[in-house]
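J.: File name data-v8.txt; file contents compact mmCIF, C-alpha atoms; full text below.
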# COMPACT_ATOMS: atom_id res chain seq x y z
CA MET A 1 13.99 22.16 -1.11
CA ASP A 2 12.33 23.12 -4.39
CA LEU A 3 8.56 23.52 -4.25
CA SER A 4 8.24 24.14 -7.98
CA SER A 5 7.46 20.44 -8.56
CA TYR A 6 4.44 20.67 -6.26
CA ARG A 7 3.34 23.91 -7.94
CA LEU A 8 3.50 22.26 -11.36
CA LEU A 9 1.56 19.25 -10.13
CA TRP A 10 -1.04 21.52 -8.55
CA LYS A 11 -1.57 23.15 -11.94
CA ASN A 12 -1.91 19.75 -13.62
CA ARG A 13 -5.64 19.23 -13.18
CA PRO A 14 -5.78 15.57 -14.38
CA VAL A 15 -3.08 14.60 -11.85
CA MET A 16 -4.64 16.37 -8.88
CA THR A 17 -8.15 15.16 -9.75
CA LEU A 18 -6.96 11.56 -10.00
CA MET A 19 -4.95 11.89 -6.78
CA GLY A 20 -7.95 13.27 -4.87
CA ALA A 21 -10.32 10.69 -6.33
CA ALA A 22 -7.94 7.86 -5.39
CA LEU A 23 -7.64 9.17 -1.84
CA LEU A 24 -11.42 9.29 -1.39
CA ALA A 25 -11.88 5.88 -3.02
CA ARG A 26 -9.40 4.18 -0.68
CA LEU A 27 -10.64 5.76 2.54
CA PRO A 28 -13.92 3.81 3.03
CA VAL A 29 -12.22 0.52 2.13
CA MET A 30 -9.62 1.11 4.83
CA ALA A 31 -12.20 2.49 7.27
CA ALA A 32 -14.28 -0.70 7.00
CA LEU A 33 -11.60 -2.88 8.61
CA VAL A 34 -12.24 -1.70 12.18
CA PRO A 35 -16.06 -2.10 12.08
CA VAL A 36 -15.70 -5.51 10.42
CA SER A 37 -13.39 -6.68 13.22
CA PHE A 38 -15.80 -5.52 15.92
CA LEU A 39 -18.75 -7.01 14.02
CA ALA A 40 -17.04 -10.41 13.96
CA LYS A 41 -16.03 -10.12 17.61
CA ASP A 42 -19.57 -9.20 18.74
CA ALA A 43 -21.09 -12.07 16.75
CA ALA A 44 -18.68 -14.79 17.90
CA GLY A 45 -17.77 -13.38 21.31
CA ASN A 46 -14.00 -13.28 20.85
CA PHE A 47 -11.32 -11.48 18.87
CA GLY A 48 -9.90 -14.78 17.63
CA TRP A 49 -12.82 -15.00 15.23
CA ALA A 50 -12.16 -11.43 14.15
CA GLY A 51 -8.65 -12.52 13.18
CA VAL A 52 -10.06 -15.38 11.11
CA VAL A 53 -12.41 -13.01 9.30
CA ALA A 54 -9.61 -10.49 8.65
CA GLY A 55 -7.34 -13.27 7.37
CA ALA A 56 -10.01 -14.46 4.94
CA TYR A 57 -10.38 -10.92 3.64
CA SER A 58 -6.60 -10.63 3.09
CA VAL A 59 -6.49 -13.93 1.23
CA GLY A 60 -9.31 -12.74 -1.02
CA MET A 61 -7.47 -9.50 -1.78
CA ALA A 62 -4.26 -11.36 -2.59
CA ILE A 63 -6.14 -13.55 -5.07
CA GLY A 64 -8.24 -10.88 -6.73
CA GLY A 65 -5.63 -8.11 -7.06
CA PRO A 66 -3.65 -9.50 -10.04
CA ILE A 67 -6.82 -10.71 -11.80
CA TRP A 68 -8.55 -7.32 -11.87
CA SER A 69 -5.32 -5.45 -12.55
CA ARG A 70 -4.59 -7.64 -15.57
CA LEU A 71 -8.13 -7.13 -16.85
CA ALA A 72 -7.76 -3.35 -16.38
CA ASP A 73 -4.68 -3.39 -18.63
CA ARG A 74 -6.63 -5.15 -21.36
CA ARG A 75 -10.09 -3.62 -21.11
CA GLY A 76 -9.37 -0.29 -19.46
CA GLY A 77 -9.61 0.57 -15.80
CA ARG A 78 -12.92 2.46 -15.83
CA TRP A 79 -15.48 -0.34 -15.78
CA VAL A 80 -13.22 -2.79 -13.97
CA VAL A 81 -12.87 -0.32 -11.10
CA ILE A 82 -16.56 0.63 -11.09
CA GLY A 83 -17.77 -2.98 -11.34
CA THR A 84 -15.55 -4.27 -8.55
CA GLY A 85 -16.35 -1.21 -6.41
CA VAL A 86 -20.09 -1.90 -6.66
CA ALA A 87 -19.51 -5.59 -5.93
CA TRP A 88 -17.41 -4.71 -2.86
CA GLY A 89 -20.17 -2.43 -1.56
CA VAL A 90 -22.75 -5.19 -2.01
CA GLY A 91 -20.51 -7.68 -0.21
CA MET A 92 -20.02 -5.35 2.73
CA ALA A 93 -23.76 -4.64 2.90
CA VAL A 94 -24.46 -8.39 3.02
CA LEU A 95 -21.92 -8.76 5.82
CA ALA A 96 -23.48 -5.89 7.78
CA LEU A 97 -26.99 -7.31 7.47
CA LEU A 98 -25.99 -10.90 8.24
CA PRO A 99 -27.79 -12.20 11.36
CA SER A 100 -25.43 -12.71 14.28
CA ASP A 101 -26.37 -16.40 14.49
CA TRP A 102 -24.89 -16.89 11.01
CA TYR A 103 -21.45 -15.63 11.98
CA ARG A 104 -19.79 -18.79 10.63
CA LEU A 105 -20.48 -17.46 7.13
CA MET A 106 -18.45 -14.32 7.79
CA PRO A 107 -15.09 -15.68 6.53
CA VAL A 108 -16.74 -16.82 3.29
CA ILE A 109 -18.40 -13.45 2.72
CA THR A 110 -15.28 -11.45 3.56
CA ALA A 111 -13.10 -13.66 1.35
CA LEU A 112 -15.45 -13.11 -1.59
CA THR A 113 -15.59 -9.39 -0.80
CA GLY A 114 -11.80 -9.25 -0.61
CA ILE A 115 -11.57 -10.80 -4.07
CA VAL A 116 -13.58 -7.91 -5.56
CA VAL A 117 -11.68 -5.05 -3.91
CA ALA A 118 -11.39 -2.46 -6.68
CA PRO A 119 -7.84 -2.08 -8.11
CA VAL A 120 -7.78 1.61 -7.22
CA THR A 121 -4.16 1.64 -6.10
CA ALA A 122 -2.83 -0.34 -9.07
CA THR A 123 -4.68 1.67 -11.73
CA CYS A 124 -3.72 4.96 -10.10
CA ARG A 125 -0.01 4.14 -9.97
CA ALA A 126 -0.05 2.79 -13.51
CA ALA A 127 -1.55 6.06 -14.74
CA TRP A 128 1.15 8.41 -13.41
CA PRO A 129 3.73 7.81 -16.21
CA ARG A 130 1.00 8.69 -18.73
CA LEU A 131 0.27 12.01 -17.03
CA VAL A 132 3.71 13.28 -15.97
CA GLN A 133 7.28 12.73 -17.15
CA GLY A 134 10.85 13.27 -16.05
CA THR A 135 11.63 14.55 -12.57
CA GLN A 136 7.93 15.19 -11.85
CA LEU A 137 7.33 11.45 -11.93
CA ARG A 138 9.43 10.98 -8.79
CA THR A 139 7.48 13.75 -7.09
CA VAL A 140 4.08 12.32 -7.93
CA TYR A 141 5.07 8.85 -6.69
CA ALA A 142 6.38 10.36 -3.45
CA LEU A 143 3.10 12.24 -3.09
CA ASP A 144 1.17 9.04 -3.81
CA ALA A 145 3.06 7.19 -1.07
CA THR A 146 2.34 10.08 1.30
CA ALA A 147 -1.37 9.94 0.42
CA GLN A 148 -1.29 6.24 1.23
CA GLU A 149 -0.06 7.12 4.72
CA VAL A 150 -3.03 9.48 5.07
CA VAL A 151 -5.35 6.61 4.17
CA PHE A 152 -3.68 4.28 6.68
CA SER A 153 -3.94 6.92 9.41
CA VAL A 154 -7.37 8.44 8.79
CA GLY A 155 -9.22 5.35 7.55
CA PRO A 156 -9.08 3.25 10.73
CA MET A 157 -9.81 6.35 12.80
CA LEU A 158 -13.02 6.97 10.82
CA GLY A 159 -14.00 3.33 11.31
CA ALA A 160 -13.37 3.59 15.04
CA LEU A 161 -15.51 6.75 15.23
CA ALA A 162 -18.37 4.97 13.47
CA VAL A 163 -18.18 2.11 15.95
CA SER A 164 -18.00 4.50 18.92
CA PHE A 165 -20.89 6.77 17.96
CA ALA A 166 -23.11 4.15 16.31
CA ASN A 167 -22.31 0.42 16.07
CA PRO A 168 -20.25 -1.95 13.89
CA ARG A 169 -23.14 -2.71 11.53
CA ALA A 170 -23.69 0.98 10.85
CA GLY A 171 -19.97 1.45 10.28
CA VAL A 172 -19.79 -1.35 7.71
CA LEU A 173 -22.92 -0.10 5.92
CA ALA A 174 -21.59 3.47 5.84
CA ALA A 175 -18.31 2.24 4.32
CA ALA A 176 -20.25 0.27 1.68
CA VAL A 177 -22.31 3.30 0.65
CA LEU A 178 -19.38 5.73 0.63
CA ALA A 179 -17.21 3.32 -1.33
CA GLY A 180 -19.89 2.93 -3.98
CA GLY A 181 -19.92 6.67 -4.67
CA SER A 182 -16.22 7.43 -4.29
CA ILE A 183 -14.99 4.43 -6.31
CA TRP A 184 -17.51 5.22 -9.05
CA TRP A 185 -16.13 8.78 -9.24
CA PHE A 186 -12.56 7.50 -9.33
CA GLY A 187 -13.46 5.04 -12.08
CA LEU A 188 -14.81 7.82 -14.27
CA ARG A 189 -11.44 9.61 -13.96
CA GLN A 190 -9.56 6.64 -15.45
CA PRO A 191 -7.74 7.21 -18.75
CA PRO A 192 -8.68 4.81 -21.57
CA ALA A 193 -6.67 1.63 -22.06
CA LEU A 194 -3.72 1.87 -24.44
CA ALA A 195 -3.84 -0.40 -27.44
CA HIS A 196 -1.11 -3.04 -27.41
CA ASP A 197 1.53 -2.56 -30.08
CA GLU A 198 1.58 -5.95 -31.82
CA SER A 199 4.80 -5.05 -33.66
CA ALA A 200 6.62 -5.09 -30.30
CA GLY A 201 5.72 -8.73 -29.75
CA ALA A 202 3.09 -10.58 -27.78
CA ARG A 203 1.77 -9.11 -24.55
CA LEU A 204 3.73 -10.36 -21.54
CA THR A 205 2.35 -13.35 -19.69
CA ALA A 206 2.29 -13.35 -15.89
CA PRO A 207 5.50 -15.45 -15.59
CA GLN A 208 7.29 -13.19 -18.09
CA LEU A 209 6.11 -10.12 -16.23
CA LEU A 210 7.26 -11.34 -12.82
CA TRP A 211 10.38 -13.35 -13.65
CA HIS A 212 12.46 -10.32 -14.49
CA ARG A 213 15.83 -9.33 -13.07
CA HIS A 214 14.49 -5.98 -11.83
CA ARG A 215 10.75 -6.37 -11.33
CA LEU A 216 10.93 -9.53 -9.23
CA PRO A 217 13.42 -8.09 -6.69
CA LEU A 218 11.30 -4.94 -6.37
CA ILE A 219 8.11 -6.91 -5.71
CA LEU A 220 9.82 -9.24 -3.24
CA SER A 221 11.46 -6.31 -1.46
CA PHE A 222 8.09 -4.59 -1.14
CA GLY A 223 6.72 -7.76 0.46
CA LEU A 224 9.63 -7.82 2.91
CA CYS A 225 9.06 -4.18 3.82
CA VAL A 226 5.32 -4.65 4.39
CA THR A 227 6.10 -7.71 6.53
CA ALA A 228 8.41 -5.50 8.62
CA PHE A 229 5.84 -2.70 8.91
CA ALA A 230 3.07 -5.11 9.95
CA SER A 231 5.33 -6.59 12.63
CA VAL A 232 6.08 -3.08 13.93
CA SER A 233 2.35 -2.30 14.17
CA LEU A 234 1.82 -5.39 16.31
CA GLY A 235 4.93 -4.52 18.32
CA ILE A 236 3.44 -1.10 19.08
CA VAL A 237 0.27 -2.74 20.36
CA ALA A 238 2.30 -5.12 22.53
CA PHE A 239 4.40 -2.23 23.85
CA ALA A 240 1.25 -0.33 24.83
CA ASP A 241 -0.19 -3.41 26.51
CA ASP A 242 3.00 -3.91 28.52
CA HIS A 243 2.71 -0.32 29.76
CA GLY A 244 -0.92 -0.81 30.78
CA ASN A 245 -2.27 1.97 28.54
CA ARG A 246 -3.68 0.98 25.15
CA LEU A 247 -3.99 4.63 24.15
CA ILE A 248 -0.21 4.61 23.72
CA ALA A 249 -0.65 2.41 20.64
CA GLY A 250 -2.72 5.03 18.85
CA VAL A 251 -0.27 7.79 19.78
CA LEU A 252 2.76 5.83 18.54
CA GLU A 253 1.04 4.81 15.30
CA THR A 254 0.16 8.46 14.69
CA VAL A 255 3.73 9.60 15.37
CA TRP A 256 5.06 6.96 12.98
CA ALA A 257 2.59 8.08 10.30
CA ILE A 258 3.48 11.76 10.82
CA GLY A 259 7.14 10.93 10.27
CA SER A 260 6.29 9.16 7.04
CA LEU A 261 4.08 12.05 5.90
CA LEU A 262 6.86 14.58 6.53
CA GLY A 263 9.45 12.41 4.81
CA GLY A 264 7.27 11.92 1.75
CA LEU A 265 6.50 15.63 1.40
CA VAL A 266 10.14 16.64 1.84
CA MET A 267 11.38 14.02 -0.63
CA GLY A 268 8.88 15.16 -3.22
CA ALA A 269 10.21 18.71 -2.91
CA LEU A 270 13.90 17.87 -3.23
CA PRO A 271 15.44 18.93 -6.54
CA GLY A 272 16.73 15.41 -7.30
CA LYS A 273 19.89 16.38 -9.21
CA ARG A 274 21.66 13.09 -8.51
CA ASP A 275 20.90 9.48 -9.31
CA SER A 276 18.64 7.98 -6.65
CA TYR A 277 19.19 4.35 -5.55
CA VAL A 278 16.18 2.76 -3.90
CA TRP A 279 18.33 0.30 -1.91
CA ARG A 280 19.93 3.20 -0.04
CA ARG A 281 16.57 4.39 1.20
CA ALA A 282 15.62 0.87 2.31
CA LEU A 283 18.90 0.68 4.20
CA LEU A 284 17.99 3.90 6.05
CA VAL A 285 14.67 2.31 7.03
CA SER A 286 16.59 -0.67 8.41
CA LEU A 287 18.84 1.62 10.45
CA GLY A 288 15.75 3.43 11.77
CA MET A 289 14.22 0.13 12.89
CA LEU A 290 17.51 -0.78 14.56
CA CYS A 291 17.48 2.50 16.49
CA CYS A 292 14.01 1.66 17.80
CA VAL A 293 15.41 -1.52 19.38
CA PHE A 294 17.28 0.67 21.86
CA ALA A 295 14.36 3.09 22.31
CA THR A 296 11.88 0.74 23.95
CA ARG A 297 12.85 1.85 27.46
CA SER A 298 10.19 4.57 27.47
CA THR A 299 7.26 5.79 25.42
CA VAL A 300 8.95 9.11 24.63
CA SER A 301 12.16 7.54 23.34
CA LEU A 302 10.22 5.05 21.20
CA ALA A 303 8.06 7.86 19.81
CA ILE A 304 11.21 9.74 18.78
CA GLY A 305 12.65 6.60 17.20
CA LEU A 306 9.46 5.89 15.27
CA LEU A 307 9.27 9.51 14.09
CA LEU A 308 12.80 9.34 12.70
CA ALA A 309 12.29 5.88 11.18
CA GLY A 310 9.02 7.01 9.64
CA CYS A 311 10.72 9.89 7.83
CA VAL A 312 12.26 7.46 5.33
CA LEU A 313 9.27 5.13 5.04
CA ALA A 314 7.16 6.96 2.43
CA PRO A 315 10.24 8.02 0.39
CA THR A 316 11.37 4.39 0.22
CA VAL A 317 7.95 3.04 -0.76
CA GLY A 318 7.50 5.87 -3.27
CA ALA A 319 10.86 5.04 -4.85
CA MET A 320 9.78 1.39 -5.16
CA TYR A 321 6.61 2.48 -6.95
CA GLU A 322 8.57 4.74 -9.30
CA ARG A 323 11.20 2.11 -10.14
CA LEU A 324 8.64 -0.64 -10.74
CA GLY A 325 6.55 1.63 -12.96
CA ALA A 326 9.57 2.83 -14.95
CA LEU A 327 10.86 -0.73 -15.46
CA THR A 328 7.55 -2.16 -16.68
CA PRO A 329 5.97 -1.86 -20.14
CA ASP A 330 2.92 0.38 -20.15
CA SER A 331 0.56 -2.35 -21.42
CA VAL A 332 1.07 -4.45 -18.24
CA ARG A 333 1.86 -1.75 -15.70
CA THR A 334 -1.47 -2.02 -13.86
CA GLU A 335 -1.01 -5.77 -13.51
CA VAL A 336 2.45 -5.49 -12.01
CA PHE A 337 1.16 -3.08 -9.37
CA GLY A 338 -1.63 -5.58 -8.69
CA TRP A 339 0.99 -8.23 -7.97
CA MET A 340 2.80 -5.75 -5.74
CA THR A 341 -0.39 -5.19 -3.74
CA SER A 342 -0.95 -8.94 -3.41
CA ILE A 343 2.53 -9.63 -2.10
CA GLY A 344 1.99 -6.78 0.33
CA MET A 345 -1.19 -8.43 1.66
CA VAL A 346 0.68 -11.71 2.15
CA GLY A 347 3.53 -9.87 3.86
CA GLY A 348 1.13 -8.07 6.19
CA ALA A 349 -0.47 -11.33 7.30
CA VAL A 350 2.90 -13.05 7.80
CA GLY A 351 4.36 -10.06 9.64
CA SER A 352 1.56 -9.89 12.18
CA SER A 353 1.68 -13.64 12.80
CA VAL A 354 5.47 -13.87 13.18
CA ALA A 355 5.65 -10.74 15.33
CA GLY A 356 3.15 -12.24 17.74
CA GLN A 357 5.39 -15.25 18.21
CA VAL A 358 8.45 -13.02 18.64
CA VAL A 359 6.73 -10.98 21.37
CA GLU A 360 5.69 -14.10 23.26
CA SER A 361 9.06 -15.85 22.95
CA LEU A 362 11.68 -13.09 23.08
CA GLY A 363 10.10 -9.79 24.06
CA VAL A 364 8.67 -6.73 22.37
CA GLU A 365 12.01 -5.08 21.55
CA TYR A 366 12.89 -8.01 19.27
CA VAL A 367 10.03 -7.04 16.98
CA TRP A 368 12.16 -4.11 15.84
CA VAL A 369 15.13 -6.46 15.43
CA LEU A 370 12.92 -8.51 13.11
CA ALA A 371 11.86 -5.37 11.21
CA ALA A 372 15.50 -4.24 10.87
CA VAL A 373 16.54 -7.63 9.45
CA LEU A 374 13.63 -7.72 6.99
CA THR A 375 14.24 -4.20 5.67
CA PHE A 376 17.98 -4.92 5.40
CA LEU A 377 17.14 -7.98 3.28
CA ALA A 378 14.89 -5.75 1.17
CA ALA A 379 17.78 -3.32 0.64
CA ALA A 380 20.14 -6.15 -0.31
CA THR A 381 17.58 -7.59 -2.73
CA MET A 382 17.34 -4.24 -4.55
CA PHE A 383 21.11 -3.66 -4.76
CA ARG A 384 21.18 -4.17 -8.53
CA ILE A 385 18.07 -2.12 -9.30
CA PRO A 386 19.12 0.71 -11.65
CA PRO A 387 18.83 4.17 -10.11
CA HIS A 388 16.37 6.89 -11.02
CA HIS A 389 18.06 9.34 -13.38
CA PRO A 390 16.60 12.81 -12.79
CA ALA A 391 17.14 13.94 -16.37
CA SER A 392 15.26 11.10 -18.03
CA GLU A 393 12.55 8.54 -17.56
CA GLU A 394 13.76 5.16 -18.71
CA LEU A 395 10.84 2.96 -19.69
CA ILE A 396 11.53 -0.59 -20.77
CA PRO A 397 10.14 -1.28 -24.26
CA GLU A 398 7.60 -4.07 -24.77
CA ALA A 399 10.06 -6.48 -26.34
CA ALA A 400 12.83 -6.05 -23.79
CA VAL A 401 12.04 -8.78 -21.30
CA ALA A 402 15.13 -10.01 -19.47
CA ILE A 403 14.59 -13.30 -17.72
Represent the structure of the file as structure tokens.

T.:
Amino acid sequence: MDLSSYRLLWKNRPVMTLMGAALLARLPVMAALVPVSFLAKDAAGNFGWAGVVAGAYSVGMAIGGPIWSRLADRRGGRWVVIGTGVAWGVGMAVLALLPSDWYRLMPVITALTGIVVAPVTATCRAAWPRLVQGTQLRTVYALDATAQEVVFSVGPMLGALAVSFANPRAGVLAAAVLAGGSIWWFGLRQPPALAHDESAGARLTAPQLLWHRHRLPLILSFGLCVTAFASVSLGIVAFADDHGNRLIAGVLETVWAIGSLLGGLVMGALPGKRDSYVWRRALLVSLGMLCCVFATRSTVSLAIGLLLAGCVLAPTVGAMYERLGALTPDSVRTEVFGWMTSIGMVGGAVGSSVAGQVVESLGVEYVWVLAAVLTFLAAATMFRIPPHHPASEELIPEAAVAI
């Protein structure tokens, strides 16, 4: 391992400031999901309604992500991020203050709020190639993927604490207030938009951006991976329920996240002297999921399997981010990450739904069979993606659009 990459990043104040601001901006948005679910459940009296509300929110995010990301490429990310962040806070405040008798309006409010989720993730990932180059780019994307795991782990826990020590309304309101401040701060850290070079040709349209021999497989593979990860999360819940102790679910999710955190940190510190193929990492994720199929006999064995499988999760996702960013023109890079986020939201919804049917029909161990198949398909889809060359950063010029 070579920690010099982390030392150089630590000395790069713009990178570390943006990384910290992005982490804080994403936390309250993730933390709000648990209080919103309990708020919907308390109002309607069942968790089925909570699922409807969560689904409406996901649909809104899938719709709004590419729109705001495209606008950020054209107008600059600062005011797009700040404007949507304020709108999201207002939407969550309205939801928190909605009388319980009006619970039928919750899906409408959450869908509208989902549409205005600030494109924090897309603008952050689009900014990295402007701030670092060469081998450091792989490190910063690995660190970004690791930070995302922190958000996924800490965010829901903070939301659960708010519900436990106060109530769901207070939790949603707290998330709205915190998001307003943190997203505003992140927005002020955004670099200005780059002027489009007209000599390179017209700016890419959405079909031109997506229908590309490298970008489309990467986006579809990301959707397949998120579908697999969402199915695993539901499988963990089902496993805990079968064992009569729901606390097991939290423990296993934490172990899985710790594995991903460790893998991301180690990958970011590797010297990277050889070409790195993203499909190989996805194949390792598939093998890890397959190992978990045979580890469902006990909680300890499954925890070990999830820890090992998690070690290649963040490195794989980070490599996807790096490849997609490197293979996309700078003037539309935010938009392409917006599309990636949207396909991830769709994949998450599909994964949870399909995994529920798999558990009921076949058994909980087959959830990991499903995840192994999906991640194997993701690896196969990315087989022709060019590798990361450690000595150079190959950016596709504006005019080079292969259909």

J.: So, counting all atoms listed in the file, which residue among A:Ala22, A:Ala230, A:Ala142, A:Leu306 is closest to Ala118 in chain A?

T.: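 Of A:Ala22, A:Ala230, A:Ala142, A:Leu306, the one nearest Ala118 in chain A, counting all atoms listed in the file, is A:Ala22.
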
J.: Residues within 8 Å of Met340 in chain A, please, as a list in words. Count all atoms listed in the file; anything in the same chain fewer than 2 positions from it doesn't count.

T.: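 Answer for this query is Ile219, Phe222, Gly223, Val336, Phe337, Gly338, Ser342, Ile343 and Gly344 of chain A.
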
J.: Taking all atoms listed in the file into account, which of A:Trp128, A:Gly77, A:Arg169, A:Ala162 comes nearest Val94 in chain A?

T.: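 Going through A:Trp128, A:Gly77, A:Arg169, A:Ala162 one by one, the smallest distance to Val94 in chain A is for A:Arg169.
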
J.: Considering all atoms listed in the file, can you say which of A:Ala54, A:Leu283, A:Ala238, A:Cys291 comes closest to Gly363 in chain A?

T.: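 Closest to Gly363 in chain A of all the choices is A:Ala238.
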
J.: Return the single residue from A:Ala145, A:Val163, A:Ala62, A:Val332 that is closest to Thr113 in chain A, with distances computed using all atoms listed in the file.

T.: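 Checking each of A:Ala145, A:Val163, A:Ala62, A:Val332 against Thr113 in chain A, counting all atoms listed in the file, the winner is A:Ala62.
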
J.: Pick the closest to Gly171 in chain A from A:Met157, A:Ala72, A:Val140, A:Leu370: which is it, counting all atoms listed in the file?

T.: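 Among A:Met157, A:Ala72, A:Val140, A:Leu370, it is A:Met157 that comes nearest to Gly171 in chain A.
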
J.: Of the candidates A:Thr227, A:Thr205, A:Thr299, A:Ser58, which shows the shortest atom-to-atom distance to Val350 in chain A, using all atoms listed in the file?

T.: A:Thr227

J.: CA of Gly83 in chain A to CA of Ala326 in chain A: how many Å, to one decimal?

T.: 28.2 Å

J.: Need the shell around Ala93 in chain A: protein/DNA/RNA residues with any atom at most 10 Å away, counting all atoms listed in the file. Skip same-chain ones fewer than 4 positions apart. Format as number ranges by chain?

T.: A: 87-89, 97-98, 169-170, 172-177

J.: Need the shell around Val151 in chain A: protein/DNA/RNA residues with any atom at most 9 Å away, counting only C-alpha atoms. Skip same-chain ones fewer than 3 positions apart. Format as a PyMOL selection string?

T.: chain A and resi 23-24+26-27+30-31+146-148+154-156

J.: Quick one: distance from CA of Val120 in chain A to CA of Leu324 in chain A in Å, one decimal?

T.: 16.9 Å

J.: Separation of CA of Gly325 in chain A and CA of Val86 in chain A, in Å?

T.: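 Result for CA of Gly325 in chain A versus CA of Val86 in chain A: 27.6 Å, one decimal.
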
J.: Could you name the residues that touch Ala21 in chain A at 9 Å or less, counting only C-alpha atoms, but leaving out those on the same chain fewer than 6 positions away, as a ChimeraX atom specification?

T.: /A:182-183,185-187,189

J.: Would you list the contacts of range 7-17 of chain A as JSON, numbers by chain, taking every protein, DNA or RNA residue within 12 Å and counting all atoms listed in the file, but skipping same-chain residues closer than 2 positions in sequence?

T.: {"A": [2, 3, 4, 5, 19, 20, 21, 22, 23, 24, 124, 125, 127, 128, 129, 130, 131, 132, 133, 135, 136, 137, 138, 139, 140, 141, 143, 144, 147, 185, 186, 187, 188, 189, 190, 191, 268, 269]}
